[in-house]
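Just below is one structure, and these are the notes that go with it.
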Amino acid sequence: MTKKNPNLTAEQKLVMFEDGTERAGSSELNSEKREGSYHCANCGIKLFDSDAKYESGSGWPSFYKSLPDVFETKTDYLIGYARTEYHCKNCSAHHGHIFDDGPQPTGKRYCNNGVCLVFHEKNKK
């Protein structure tokens, strides 16, 4: 059973555990440019470094690579066709979908719901 952080907002619970998604363009993290890291909003595990973030034009925070071994994937047919959905390996929280239209060197786009992430600026606590 997945342990949910009791401090999650209703939107975070909807996206992370009830197959929801946030509205495109609504995340403040879309414009985040500082050096740092992105962590799971549910369990706090580090998922992405800021150097892997890029502007995809999708409306959601996007990354071309994650940290190693932090996600599990499954095929999602919720909108009528197959997509690769990814979840935090530590707590099972849904974060987004992986597409094959990202930049090199990976060619991947981790399209992440911003409400699922917490940004930590480098050298700040």
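Within each chain, counting starts at residue 1; across the structure tokens, chains are named A, B, ... in the order shown, with ligands numbered 1 upward in that order.
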Assign secondary structure with DSSP using the backbone only, and return the residues of stretch 21-119 of chain A in strand (DSSP E or B) as a PyMOL selection string.
chain A and resi 36-40+46-49+53-54+62-63+71-76+83-88+94-99+109-112+117-119
Keeping only C-alpha atoms, write the selected residues to a file as a JSON list (two decimals), in the first residue's frame.
```json
[["chain", "number", "residue", "atom", "x", "y", "z"],
["A", 36, "GLY", "CA", 19.11, 22.74, -7.92],
["A", 37, "SER", "CA", 17.12, 19.53, -7.81],
["A", 38, "TYR", "CA", 13.54, 18.32, -8.05],
["A", 39, "HIS", "CA", 12.10, 15.96, -5.46],
["A", 40, "CYS", "CA", 8.91, 13.91, -5.11],
["A", 46, "LYS", "CA", 15.40, 13.31, -5.37],
["A", 47, "LEU", "CA", 14.23, 12.61, -8.94],
["A", 48, "PHE", "CA", 15.82, 15.15, -11.31],
["A", 49, "ASP", "CA", 18.74, 17.57, -11.42],
["A", 53, "LYS", "CA", 15.38, 20.41, -17.33],
["A", 54, "TYR", "CA", 14.50, 22.07, -20.62],
["A", 62, "SER", "CA", 10.12, 18.63, -18.74],
["A", 63, "PHE", "CA", 13.40, 16.79, -18.27],
["A", 71, "PHE", "CA", 10.99, 5.53, -11.41],
["A", 72, "GLU", "CA", 8.89, 2.54, -12.35],
["A", 73, "THR", "CA", 6.90, 2.61, -15.59],
["A", 74, "LYS", "CA", 3.70, 1.11, -16.90],
["A", 75, "THR", "CA", 1.60, 1.47, -20.02],
["A", 76, "ASP", "CA", -1.37, 3.82, -19.64],
["A", 83, "ARG", "CA", 1.63, 6.05, -23.26],
["A", 84, "THR", "CA", 4.48, 5.27, -20.86],
["A", 85, "GLU", "CA", 3.48, 6.47, -17.41],
["A", 86, "TYR", "CA", 6.07, 6.83, -14.66],
["A", 87, "HIS", "CA", 5.79, 6.58, -10.88],
["A", 88, "CYS", "CA", 8.15, 7.26, -8.00],
["A", 94, "HIS", "CA", 2.34, 9.16, -10.38],
["A", 95, "HIS", "CA", 4.46, 11.96, -11.88],
["A", 96, "GLY", "CA", 3.79, 12.01, -15.62],
["A", 97, "HIS", "CA", 4.59, 10.36, -18.94],
["A", 98, "ILE", "CA", 7.77, 9.69, -20.93],
["A", 99, "PHE", "CA", 7.83, 10.55, -24.63],
["A", 109, "ARG", "CA", 10.94, 13.89, -22.49],
["A", 110, "TYR", "CA", 9.85, 13.26, -18.93],
["A", 111, "CYS", "CA", 6.68, 15.35, -18.93],
["A", 112, "ASN", "CA", 6.10, 15.92, -15.21],
["A", 117, "LEU", "CA", 7.61, 18.11, -7.59],
["A", 118, "VAL", "CA", 9.33, 20.21, -4.95],
["A", 119, "PHE", "CA", 12.31, 22.29, -6.10]]
```
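Here the question is which of A:Gly25, A:Pro61, A:Pro6, A:Pro68 gets nearest to A:Cys43 using only C-alpha atoms, and that residue is A:Pro6.
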Can you work out the spacing between atom CA of A:Ala10 and atom CA of A:Arg23 in Å, to one decimal?
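Atom CA of A:Arg23 lies at a distance of 14.3 Å from atom CA of A:Ala10.
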Pick from A:Ala82, A:Ala93, A:Glu32, A:Ser58: nearest to A:Glu18, with only C-alpha atoms counted?
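Closest residue, counting only C-alpha atoms: A:Ala93.
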How far is it from atom CA of A:Asn5 to atom CA of A:Trp60, in Å with one decimal?
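Taking atom CA of A:Asn5 as the start and atom CA of A:Trp60 as the end point, the length is 22.7 Å.
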May I ask for the distance between atom CA of A:Thr21 and atom CA of A:Gly80, given in Å to one decimal place?
15.7 Å
